[in-house]
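J.: coords.csv is the file, holding CSV, C-alpha atoms and all ligand atoms:
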```
chain,number,residue,atom,x,y,z
O,649,MET,CA,-0.8,-17.1,21.2
O,650,THR,CA,1.4,-14.4,22.6
O,651,GLY,CA,3.9,-15.6,25.2
O,652,PRO,CA,7.3,-14.4,26.2
O,653,ALA,CA,8.7,-15.6,22.9
O,654,GLY,CA,6.0,-13.7,21.0
O,655,SER,CA,6.5,-10.3,22.7
O,656,PRO,CA,7.2,-7.3,20.5
O,657,PRO,CA,10.8,-6.7,19.6
O,658,ALA,CA,12.9,-4.7,22.1
O,659,SER,CA,12.9,-1.8,19.6
O,660,SER,CA,9.1,-1.4,20.0
O,661,PRO,CA,8.6,-0.6,23.6
O,662,GLY,CA,5.1,0.3,25.0
O,663,PRO,CA,1.8,-1.5,25.4
O,664,PRO,CA,1.3,-5.0,23.9
O,665,ALA,CA,1.1,-4.8,20.2
O,666,VAL,CA,-2.3,-5.0,18.6
O,667,GLY,CA,-2.7,-5.4,14.9
O,668,PHE,CA,0.3,-5.1,12.6
O,669,ARG,CA,3.6,-3.4,13.4
O,670,PRO,CA,6.6,-3.4,11.1
O,671,ALA,CA,9.8,-4.8,12.5
O,672,ALA,CA,13.2,-5.8,11.0
O,673,ASP,CA,14.5,-8.0,13.9
O,674,HIS,CA,12.8,-10.3,16.4
O,675,GLY,CA,15.9,-11.0,18.5
O,676,ARG,CA,15.5,-14.7,18.1
O,677,PRO,CA,15.0,-17.3,15.3
O,678,PRO,CA,11.5,-18.2,14.0
O,679,HIS,CA,9.3,-20.4,16.2
O,680,VAL,CA,6.8,-22.9,14.8
O,681,ASP,CA,3.8,-20.8,15.9
O,682,ASP,CA,5.1,-17.6,14.3
O,683,VAL,CA,3.3,-16.1,11.3
O,684,ALA,CA,4.8,-17.2,7.9
O,685,LEU,CA,4.6,-15.2,4.7
O,686,PRO,CA,6.2,-17.0,1.8
O,687,VAL,CA,6.5,-14.8,-1.3
O,688,SER,CA,6.9,-15.9,-4.9
O,689,GLY,CA,7.0,-13.1,-7.5
O,690,ARG,CA,3.9,-10.9,-6.7
O,691,LYS,CA,2.1,-13.7,-4.9
O,692,LEU,CA,1.8,-14.7,-1.3
O,693,LEU,CA,1.2,-18.2,0.1
O,694,THR,CA,-1.8,-18.5,2.5
O,695,ALA,CA,-4.0,-21.2,3.9
O,696,ASP,CA,-6.9,-22.2,1.8
O,697,ASP,CA,-9.2,-19.8,3.7
O,698,GLY,CA,-6.8,-16.9,3.1
O,699,ARG,CA,-5.5,-16.7,6.7
O,700,PRO,CA,-1.8,-16.5,7.4
O,701,ILE,CA,0.0,-19.9,7.8
O,702,ARG,CA,2.5,-20.8,10.5
O,703,VAL,CA,6.3,-21.3,10.2
O,704,GLY,CA,5.9,-24.8,11.6
O,705,THR,CA,3.8,-25.9,8.5
O,706,LEU,CA,6.7,-25.2,6.2
O,707,PRO,CA,10.2,-26.8,5.6
O,708,GLY,CA,12.8,-26.0,8.3
O,709,ASP,CA,15.5,-24.8,6.0
O,710,LEU,CA,14.0,-21.6,4.6
O,711,ALA,CA,15.8,-18.2,4.8
O,712,TRP,CA,13.3,-16.3,6.9
O,713,VAL,CA,13.3,-12.5,7.1
O,714,ALA,CA,11.7,-10.6,10.0
O,715,VAL,CA,9.0,-8.3,8.7
O,716,GLY,CA,6.8,-7.4,11.7
O,717,THR,CA,4.4,-8.6,14.3
O,718,LEU,CA,0.7,-9.5,14.1
O,719,ASP,CA,-1.1,-9.0,17.4
O,720,GLY,CA,2.4,-9.4,19.0
O,721,THR,CA,3.3,-12.6,17.2
O,722,PRO,CA,6.5,-12.3,15.1
O,723,ALA,CA,5.9,-12.6,11.4
O,724,TRP,CA,8.5,-13.8,8.9
O,725,ALA,CA,8.7,-13.6,5.1
O,726,VAL,CA,10.7,-15.8,2.8
O,727,ASP,CA,11.5,-15.6,-0.9
O,728,VAL,CA,10.4,-18.9,-2.6
O,729,THR,CA,11.8,-19.8,-5.9
O,730,GLU,CA,9.8,-23.1,-6.3
O,731,PRO,CA,6.3,-22.1,-5.3
O,732,GLU,CA,4.8,-25.5,-6.4
O,733,SER,CA,6.9,-27.2,-3.7
O,734,LEU,CA,4.9,-25.6,-0.8
O,735,PRO,CA,1.3,-26.6,0.2
O,736,GLY,CA,-1.3,-23.9,0.3
O,737,ARG,CA,-2.8,-21.2,-2.0
O,738,TRP,CA,-0.8,-18.6,-3.8
O,739,ARG,CA,-2.6,-15.3,-4.1
O,740,GLY,CA,-2.1,-11.7,-5.2
O,741,TRP,CA,-2.1,-8.9,-2.6
O,742,ARG,CA,-5.3,-7.2,-4.0
O,743,GLY,CA,-7.4,-10.4,-3.5
O,744,LEU,CA,-6.1,-10.7,0.1
O,745,ALA,CA,-6.7,-7.0,0.8
O,746,ALA,CA,-10.3,-7.4,-0.3
O,747,GLU,CA,-10.9,-10.2,2.1
O,748,LEU,CA,-8.6,-9.8,5.1
O,749,PRO,CA,-8.7,-7.2,7.9
O,750,ALA,CA,-6.4,-4.2,7.4
O,751,PRO,CA,-3.7,-5.5,9.8
O,752,GLN,CA,-3.2,-8.7,7.8
O,753,ALA,CA,-3.4,-6.9,4.5
O,754,ASP,CA,-0.8,-4.4,5.6
O,755,LEU,CA,1.5,-7.2,6.9
O,756,ALA,CA,1.1,-9.0,3.6
O,757,GLY,CA,1.9,-5.8,1.7
O,758,ARG,CA,5.1,-5.3,3.8
O,759,ALA,CA,6.2,-8.9,3.2
O,760,LEU,CA,5.8,-8.4,-0.6
O,761,ALA,CA,7.7,-5.1,-0.4
O,762,VAL,CA,10.6,-6.4,1.7
O,763,ILE,CA,11.1,-9.6,-0.2
O,764,THR,CA,10.8,-7.9,-3.6
O,765,TRP,CA,13.2,-5.1,-2.5
O,766,ARG,CA,15.8,-7.7,-1.2
O,767,ARG,CA,15.6,-9.7,-4.4
O,768,THR,CA,16.2,-6.6,-6.6
O,769,HIS,CA,18.9,-5.1,-4.3
O,770,ARG,CA,21.5,-7.8,-4.1
O,771,TRP,CA,24.5,-5.9,-5.4
O,772,CYS,CA,26.1,-2.5,-4.7
O,773,GLY,CA,25.1,0.0,-7.4
O,774,ALA,CA,28.4,1.9,-6.9
O,775,CYS,CA,31.0,-0.8,-6.7
O,776,ARG,CA,29.2,-4.1,-7.5
O,777,ALA,CA,30.1,-5.9,-4.3
O,778,GLU,CA,27.4,-8.1,-2.7
O,779,LEU,CA,25.3,-6.2,-0.2
O,780,ALA,CA,24.9,-7.4,3.4
O,781,ASP,CA,22.0,-7.0,5.8
O,782,VAL,CA,22.2,-4.2,8.4
O,783,PRO,CA,21.2,-5.9,11.7
O,784,GLY,CA,17.9,-4.6,13.1
O,785,GLU,CA,17.1,-2.5,10.0
O,786,THR,CA,15.3,-3.0,6.8
O,787,ALA,CA,18.5,-1.9,5.1
O,788,ARG,CA,21.5,-3.4,3.2
O,789,ARG,CA,25.0,-2.1,3.2
O,790,CYS,CA,28.0,-2.6,0.9
O,791,PRO,CA,31.0,-4.1,2.8
O,792,ASP,CA,33.5,-2.5,0.4
O,793,CYS,CA,32.3,1.1,0.0
O,794,GLY,CA,29.8,1.5,2.8
O,795,LEU,CA,26.9,2.4,0.6
O,796,THR,CA,23.7,1.9,2.6
O,797,LEU,CA,20.3,1.3,1.0
O,798,PHE,CA,17.0,1.6,2.9
O,799,LEU,CA,13.7,0.2,1.5
O,800,PRO,CA,12.2,3.2,-0.3
O,801,LEU,CA,8.6,4.1,-0.2
O,802,THR,CA,6.8,5.4,-3.3
O,803,VAL,CA,4.3,8.0,-2.3
O,804,ALA,CA,1.2,8.8,-4.3
O,805,VAL,CA,-1.5,11.4,-3.5
O,806,LEU,CA,-5.3,11.0,-4.1
O,807,THR,CA,-7.7,13.9,-3.9
O,808,ALA,CA,-11.4,14.0,-3.5
O,809,ILE,CA,-12.2,17.2,-5.3
O,810,THR,CA,-15.5,18.8,-4.4
O,811,ARG,CA,-17.5,22.0,-5.3
O,812,PRO,CA,-20.2,23.4,-3.1
O,813,GLY,CA,-23.8,23.0,-4.0
O,814,PRO,CA,-26.4,25.7,-4.1
O,815,ALA,CA,-26.9,27.3,-0.7
O,816,GLY,CA,-27.8,24.6,1.8
O,817,GLY,CA,-27.7,21.8,-0.8
O,818,ALA,CA,-25.3,18.9,-1.3
O,819,GLY,CA,-22.2,19.6,-3.4
O,820,ASP,CA,-20.6,17.7,-6.3
O,821,LEU,CA,-17.6,15.3,-6.4
O,822,LEU,CA,-15.2,15.1,-9.3
O,823,LEU,CA,-14.6,11.6,-10.6
O,824,VAL,CA,-12.4,10.5,-13.4
O,825,ARG,CA,-12.1,7.5,-15.7
O,826,HIS,CA,-8.7,6.3,-16.8
O,827,THR,CA,-7.6,5.1,-20.2
O,828,TYR,CA,-5.8,2.1,-18.7
O,829,GLY,CA,-6.6,-0.5,-16.0
O,830,PRO,CA,-10.2,-1.0,-15.0
O,831,THR,CA,-11.5,1.7,-17.4
O,832,GLY,CA,-15.1,1.3,-16.3
O,833,LEU,CA,-14.3,2.5,-12.8
O,834,TRP,CA,-14.9,6.0,-11.6
O,835,ALA,CA,-11.8,7.1,-9.6
O,836,LEU,CA,-10.2,10.1,-8.0
O,837,VAL,CA,-7.5,12.3,-9.4
O,838,ALA,CA,-4.2,10.7,-8.2
O,839,GLY,CA,-0.5,10.6,-9.0
O,840,PHE,CA,3.0,9.9,-7.7
O,841,VAL,CA,4.9,12.5,-5.7
O,842,GLU,CA,8.0,13.7,-7.4
O,843,ALA,CA,11.3,14.1,-5.5
O,844,GLY,CA,11.6,17.6,-4.1
O,845,GLU,CA,7.8,18.1,-4.0
O,846,SER,CA,5.5,18.4,-1.0
O,847,LEU,CA,2.4,16.3,-0.8
O,848,GLU,CA,0.2,19.4,-1.2
O,849,ALA,CA,2.2,20.6,-4.2
O,850,ALA,CA,1.7,17.1,-5.8
O,851,VAL,CA,-2.0,17.5,-5.2
O,852,HIS,CA,-2.1,20.8,-7.0
O,853,ARG,CA,0.2,19.6,-9.9
O,854,GLU,CA,-1.7,16.4,-10.5
O,855,THR,CA,-5.0,18.1,-10.5
O,856,ALA,CA,-3.8,20.8,-13.0
O,857,GLU,CA,-2.2,18.1,-15.2
O,858,GLU,CA,-5.1,15.7,-15.2
O,859,VAL,CA,-8.2,17.8,-15.2
O,860,GLY,CA,-7.0,21.4,-15.7
O,861,LEU,CA,-8.5,22.7,-12.4
O,862,THR,CA,-7.1,24.9,-9.7
O,863,LEU,CA,-7.8,24.0,-6.1
O,864,GLY,CA,-8.1,25.6,-2.7
O,865,PRO,CA,-5.9,24.3,0.1
O,866,PRO,CA,-5.9,20.5,0.3
O,867,THR,CA,-6.8,18.9,3.7
O,868,TYR,CA,-5.2,15.7,4.7
O,869,VAL,CA,-7.7,12.9,5.5
O,870,ASP,CA,-6.1,9.5,5.7
O,871,SER,CA,-3.4,7.2,4.3
O,872,GLN,CA,-3.1,3.6,3.2
O,873,PRO,CA,-0.2,1.3,2.4
O,874,TRP,CA,-1.0,-0.1,-1.0
O,875,ALA,CA,1.0,-3.1,-2.3
O,876,PHE,CA,-0.8,-3.5,-5.6
O,877,SER,CA,0.6,-0.6,-7.7
O,878,GLY,CA,4.1,-1.6,-6.7
O,879,PRO,CA,5.8,-2.9,-3.5
O,880,GLY,CA,6.3,-0.1,-1.0
O,881,THR,CA,3.6,2.3,-2.1
O,882,LEU,CA,2.0,4.7,0.4
O,883,LEU,CA,-1.2,6.4,-0.7
O,884,VAL,CA,-2.0,9.7,1.0
O,885,GLY,CA,-5.5,11.0,0.7
O,886,PHE,CA,-6.7,14.6,0.6
O,887,THR,CA,-9.9,16.6,0.1
O,888,ALA,CA,-9.9,19.9,-1.6
O,889,GLU,CA,-12.5,22.3,-3.0
O,890,VAL,CA,-12.1,23.6,-6.5
O,891,ALA,CA,-11.2,27.3,-6.6
O,892,ASP,CA,-13.7,28.2,-9.3
O,893,PRO,CA,-17.0,26.1,-9.0
O,894,THR,CA,-17.9,27.1,-12.6
O,895,ALA,CA,-14.8,25.7,-14.1
O,896,ALA,CA,-15.2,22.5,-16.2
O,897,PRO,CA,-12.6,19.7,-16.0
O,898,VAL,CA,-10.6,19.1,-19.1
O,899,VAL,CA,-8.9,15.7,-19.6
O,900,ASP,CA,-5.9,15.1,-21.9
O,901,GLY,CA,-7.2,11.8,-23.3
O,902,THR,CA,-3.9,10.1,-22.7
O,903,GLU,CA,-4.1,9.2,-19.0
O,904,LEU,CA,-7.7,10.1,-18.4
O,905,ALA,CA,-10.6,9.4,-20.7
O,906,GLU,CA,-13.2,11.3,-18.8
O,907,ALA,CA,-13.8,13.6,-15.8
O,908,ARG,CA,-17.2,14.6,-14.6
O,909,TRP,CA,-18.9,16.3,-11.6
O,910,PHE,CA,-21.4,14.1,-9.8
O,911,PRO,CA,-23.8,15.2,-7.1
O,912,VAL,CA,-22.7,13.5,-3.9
O,913,ASP,CA,-26.1,12.0,-3.5
O,914,ALA,CA,-26.1,10.5,-7.0
O,915,LEU,CA,-22.7,8.9,-7.5
O,916,PRO,CA,-22.2,6.2,-10.1
O,917,ALA,CA,-22.2,2.5,-9.1
O,918,GLU,CA,-18.8,1.8,-10.5
O,919,LEU,CA,-16.7,3.1,-7.6
O,920,PRO,CA,-13.4,1.8,-6.1
O,921,PRO,CA,-13.6,-1.2,-3.7
O,922,ALA,CA,-14.5,-0.8,-0.1
O,923,TYR,CA,-11.0,-1.6,1.2
O,924,SER,CA,-9.4,1.3,-0.8
O,925,LEU,CA,-8.4,4.8,0.4
O,926,SER,CA,-10.2,6.1,-2.8
O,927,ARG,CA,-13.4,4.7,-1.5
O,928,TRP,CA,-12.9,6.1,2.0
O,929,LEU,CA,-12.3,9.5,0.6
O,930,ILE,CA,-15.4,9.3,-1.6
O,931,ASP,CA,-17.5,8.1,1.3
O,932,ALA,CA,-16.1,11.0,3.4
O,933,ALA,CA,-17.1,13.5,0.7
O,934,VAL,CA,-20.6,12.0,0.6
O,935,ARG,CA,-21.1,12.1,4.3
O,936,GLY,CA,-19.1,15.3,4.8
O,937,GLY,CA,-17.5,13.6,7.8
O,938,PRO,CA,-14.6,11.4,8.8
O,939,PRO,CA,-13.3,8.9,6.2
O,940,ARG,CA,-13.8,5.7,8.2
O,941,ALA,CA,-16.5,4.9,10.7
O,942,GLY,CA,-14.9,4.4,14.1
P,1001,ZN,ZN,29.9,-0.7,-2.8
```
Turn the structure described in the file into structure tokens.

T.:
Amino acid sequence: MTGPAGSPPASSPGPPAVGFRPAADHGRPPHVDDVALPVSGRKLLTADDGRPIRVGTLPGDLAWVAVGTLDGTPAWAVDVTEPESLPGRWRGWRGLAAELPAPQADLAGRALAVITWRRTHRWCGACRAELADVPGETARRCPDCGLTLFLPLTVAVLTAITRPGPAGGAGDLLLVRHTYGPTGLWALVAGFVEAGESLEAAVHRETAEEVGLTLGPPTYVDSQPWAFSGPGTLLVGFTAEVADPTAAPVVDGTELAEARWFPVDALPAELPPAYSLSRWLIDAAVRGGPPRAG
């Protein structure tokens, strides 16, 4: 599948690309065998089996935007205003992420983020002129005043909070239930990072706000691009031990309905899905080892 035309862009030197790599320029127009990611609103067009479709299966007059490579093959996204005009299956990112390998889910998430950002950043916010693409970058620039906009990432932190068990025994993991969304699900303390705040400071603040607990130093574990809670979201996962193992969590009832310590060998069944960073952190807390096998 990967030939001279499908090589990584010149801006990504090094060994042949495996998996997903973001890119903003392929140095050539789309080829029929390139990966195609049509986007309409919050949905992506896929083949009936969920796999990516190819540029050649779609009309030739679409305004493709380079978004990255998949195993070295250039991938292109396009904003579709009449989704019913294209053959295939329109699906939300979460459904795709549940079924597809991480590289394809990450590529789909980037396509959603780039297309959504372009659709909502057409005009200069300072002088109202129409923005133009910056070649080779995921950026737009105002031709009149020079204002340059880059696709922003929203960053959120998740924390698997633990407390040690009796000497030699397994410890406990703190899980919470939200008042919104899938309210039956047991999840981790999480929240968005504020401007001016470090990741670790956000971990401490969110934990204090949501469950009233003080933590020891957070340890970074893993991260995951997450396109469901808003295009361009990056989840950053930590573990941390509670400072006072005898302290009871206190929830505000507004954002969280419940917070409870569970023995790591007796967790509830209603946990986040297997493809989520939340679950990797929970599994890591249970095993006391690395977040993802391999
Ligand atoms: Zn301007």

J.: Return as a ChimeraX atom specification the residues of protein, DNA or RNA that approach ligand ZN 1001 (chain P) to within 8 Å, with only C-alpha atoms and all ligand atoms taken into account.

T.: /O:771-779,789-795

J.: Calculate how many Å separate CA of Asp754 in chain O from CA of Phe668 in chain O, rounding to one decimal.

T.: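 Distance between the two atoms: 7.1 Å.
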
J.: Determine, for each residue of range 857-912 of chain O having at least one atom at most 9 Å from an atom of range 803-822 of chain O, the closest pair of atoms and their separation in Å to one decimal, counting all atoms listed in the file; order by chain and ascending number, as CSV.

T.:
```
residue,atom,partner,partner_atom,distance
O:Leu863,CA,O:Ile809,CA,8.1
O:Pro866,CA,O:Thr807,CA,8.0
O:Gly880,CA,O:Val803,CA,8.4
O:Thr881,CA,O:Val803,CA,5.7
O:Leu882,CA,O:Val803,CA,4.8
O:Leu883,CA,O:Ala804,CA,4.9
O:Val884,CA,O:Val805,CA,4.8
O:Gly885,CA,O:Leu806,CA,4.8
O:Phe886,CA,O:Thr807,CA,4.7
O:Thr887,CA,O:Ala808,CA,4.7
O:Ala888,CA,O:Ile809,CA,5.1
O:Glu889,CA,O:Thr810,CA,4.8
O:Val890,CA,O:Arg811,CA,5.8
O:Ala891,CA,O:Arg811,CA,8.3
O:Asp892,CA,O:Arg811,CA,8.3
O:Pro893,CA,O:Arg811,CA,5.5
O:Thr894,CA,O:Arg811,CA,8.9
O:Pro897,CA,O:Leu822,CA,8.5
O:Ala907,CA,O:Leu822,CA,6.8
O:Arg908,CA,O:Leu822,CA,5.7
O:Trp909,CA,O:Leu822,CA,4.5
O:Phe910,CA,O:Asp820,CA,5.1
O:Pro911,CA,O:Asp820,CA,4.1
O:Val912,CA,O:Asp820,CA,5.3
```

J.: Nearest to Gly675 in chain O among O:Arg927, O:Gly716, O:Leu693, O:Tyr868, with distances taken over only C-alpha atoms: which residue is it?

T.: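 That would be O:Gly716, the residue with the smallest distance to Gly675 in chain O.
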
J.: Between O:Pro722, O:Pro735, O:Pro677, O:Pro865, which has the minimum distance to Thr705 in chain O (counting all atoms listed in the file)?

T.: O:Pro735

J.: Go through range 702-769 of chain O and flag each residue having an atom no more than 7 Å from range 678-683 of chain O; for those, report the closest pair of atoms plus their distance in Å to one decimal, using all atoms listed in the file, ordered by chain and rising number, as JSON lines.

T.:
```
{"residue": "O:Arg702", "atom": "CA", "partner": "O:Val683", "partner_atom": "CA", "distance": 4.8}
{"residue": "O:Val703", "atom": "CA", "partner": "O:Val680", "partner_atom": "CA", "distance": 4.9}
{"residue": "O:Gly704", "atom": "CA", "partner": "O:Val680", "partner_atom": "CA", "distance": 3.8}
{"residue": "O:Thr721", "atom": "CA", "partner": "O:Asp682", "partner_atom": "CA", "distance": 6.1}
{"residue": "O:Pro722", "atom": "CA", "partner": "O:Asp682", "partner_atom": "CA", "distance": 5.5}
{"residue": "O:Ala723", "atom": "CA", "partner": "O:Val683", "partner_atom": "CA", "distance": 4.4}
{"residue": "O:Trp724", "atom": "CA", "partner": "O:Val683", "partner_atom": "CA", "distance": 6.2}
```

J.: Could you jot down the CA of Glu903 in chain O to CA of Glu858 in chain O separation for me, Å, one decimal place?

T.: 7.6 Å

J.: Using 8 Å as the limit and counting only C-alpha atoms, can you tabulate each residue of range 656-734 of chain O that touches range 759-763 of chain O, with its shortest atom-to-atom distance in Å and the two atoms involved, as a Markdown table?

T.:
```
| residue | atom | partner | partner_atom | distance |
| --- | --- | --- | --- | --- |
| O:Leu685 | CA | O:Ala759 | CA | 6.7 |
| O:Val687 | CA | O:Leu760 | CA | 6.5 |
| O:Arg690 | CA | O:Leu760 | CA | 6.9 |
| O:Lys691 | CA | O:Leu760 | CA | 7.8 |
| O:Leu692 | CA | O:Leu760 | CA | 7.5 |
| O:Val715 | CA | O:Ala759 | CA | 6.2 |
| O:Trp724 | CA | O:Ala759 | CA | 7.9 |
| O:Ala725 | CA | O:Ala759 | CA | 5.7 |
| O:Val726 | CA | O:Ile763 | CA | 6.9 |
| O:Asp727 | CA | O:Ile763 | CA | 6.1 |
```

J.: Take the residues from that selection and put them in a file with C-alpha atoms, as a CSV table (one decimal), keeping the file's coordinate frame.

T.:
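And here is the file that came out, again-v2.csv:
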```csv
chain,number,residue,atom,x,y,z
O,685,LEU,CA,4.6,-15.2,4.7
O,687,VAL,CA,6.5,-14.8,-1.3
O,690,ARG,CA,3.9,-10.9,-6.7
O,691,LYS,CA,2.1,-13.7,-4.9
O,692,LEU,CA,1.8,-14.7,-1.3
O,715,VAL,CA,9.0,-8.3,8.7
O,724,TRP,CA,8.5,-13.8,8.9
O,725,ALA,CA,8.7,-13.6,5.1
O,726,VAL,CA,10.7,-15.8,2.8
O,727,ASP,CA,11.5,-15.6,-0.9
```

J.: Do you have the CA of Ala711 in chain O-CA of Asp781 in chain O distance handy?

T.: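 Answer for the CA of Ala711 in chain O to CA of Asp781 in chain O separation: 12.8 Å.
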
J.: Can you pull out the residues contacting Val728 in chain O? Cut-off 9 Å, using only C-alpha atoms, and skip same-chain residues under 6 positions away; I want them as number ranges by chain.

T.: O: 686-689, 710, 734

J.: May I ask which of the residues O:Ala753, O:Ala745, O:Val869, O:Ala787 is the closest one to Trp765 in chain O, counting all atoms listed in the file?

T.: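 That would be O:Ala787, the residue with the smallest distance to Trp765 in chain O.
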
J.: Which one is closest to Glu848 in chain O: O:Pro700, O:Pro751, O:Gly740, O:Gly864? Count only C-alpha atoms.

T.: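 Nearest to Glu848 in chain O: O:Gly864.
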
J.: Please determine the residues with any atom at most 8 Å from (7.0, 10.3, -1.3) (coordinates as given in the file, with all atoms listed in the file counting) and report them as a list in words.

T.: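 Residues found, by chain and rising number: Leu801, Thr802, Val803, Ala804, Phe840, Val841, Glu842, Ala843, Leu847 and Leu882 of chain O.
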
J.: For Ala905 in chain O, find every residue with an atom within 7 Å (counting all atoms listed in the file), except residues of its own chain fewer than 5 positions away, and show them as a list in words.

T.: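 The filter keeps Arg825, His826, Thr827 and Val899 of chain O.
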
J.: Within 12 Å of (-5.9, -16.3, -6.7), only C-alpha atoms: residues as a compact mmCIF listing (two decimals) with C-alpha atoms, keeping the file's coordinate frame?

T.:
```txt
# COMPACT_ATOMS: atom_id res chain seq x y z
CA ARG O 690 3.90 -10.90 -6.70
CA LYS O 691 2.10 -13.70 -4.90
CA LEU O 692 1.80 -14.70 -1.30
CA LEU O 693 1.20 -18.20 0.10
CA THR O 694 -1.80 -18.50 2.50
CA ALA O 695 -4.00 -21.20 3.90
CA ASP O 696 -6.90 -22.20 1.80
CA ASP O 697 -9.20 -19.80 3.70
CA GLY O 698 -6.80 -16.90 3.10
CA GLY O 736 -1.30 -23.90 0.30
CA ARG O 737 -2.80 -21.20 -2.00
CA TRP O 738 -0.80 -18.60 -3.80
CA ARG O 739 -2.60 -15.30 -4.10
CA GLY O 740 -2.10 -11.70 -5.20
CA TRP O 741 -2.10 -8.90 -2.60
CA ARG O 742 -5.30 -7.20 -4.00
CA GLY O 743 -7.40 -10.40 -3.50
CA LEU O 744 -6.10 -10.70 0.10
CA ALA O 745 -6.70 -7.00 0.80
CA ALA O 746 -10.30 -7.40 -0.30
CA GLU O 747 -10.90 -10.20 2.10
```
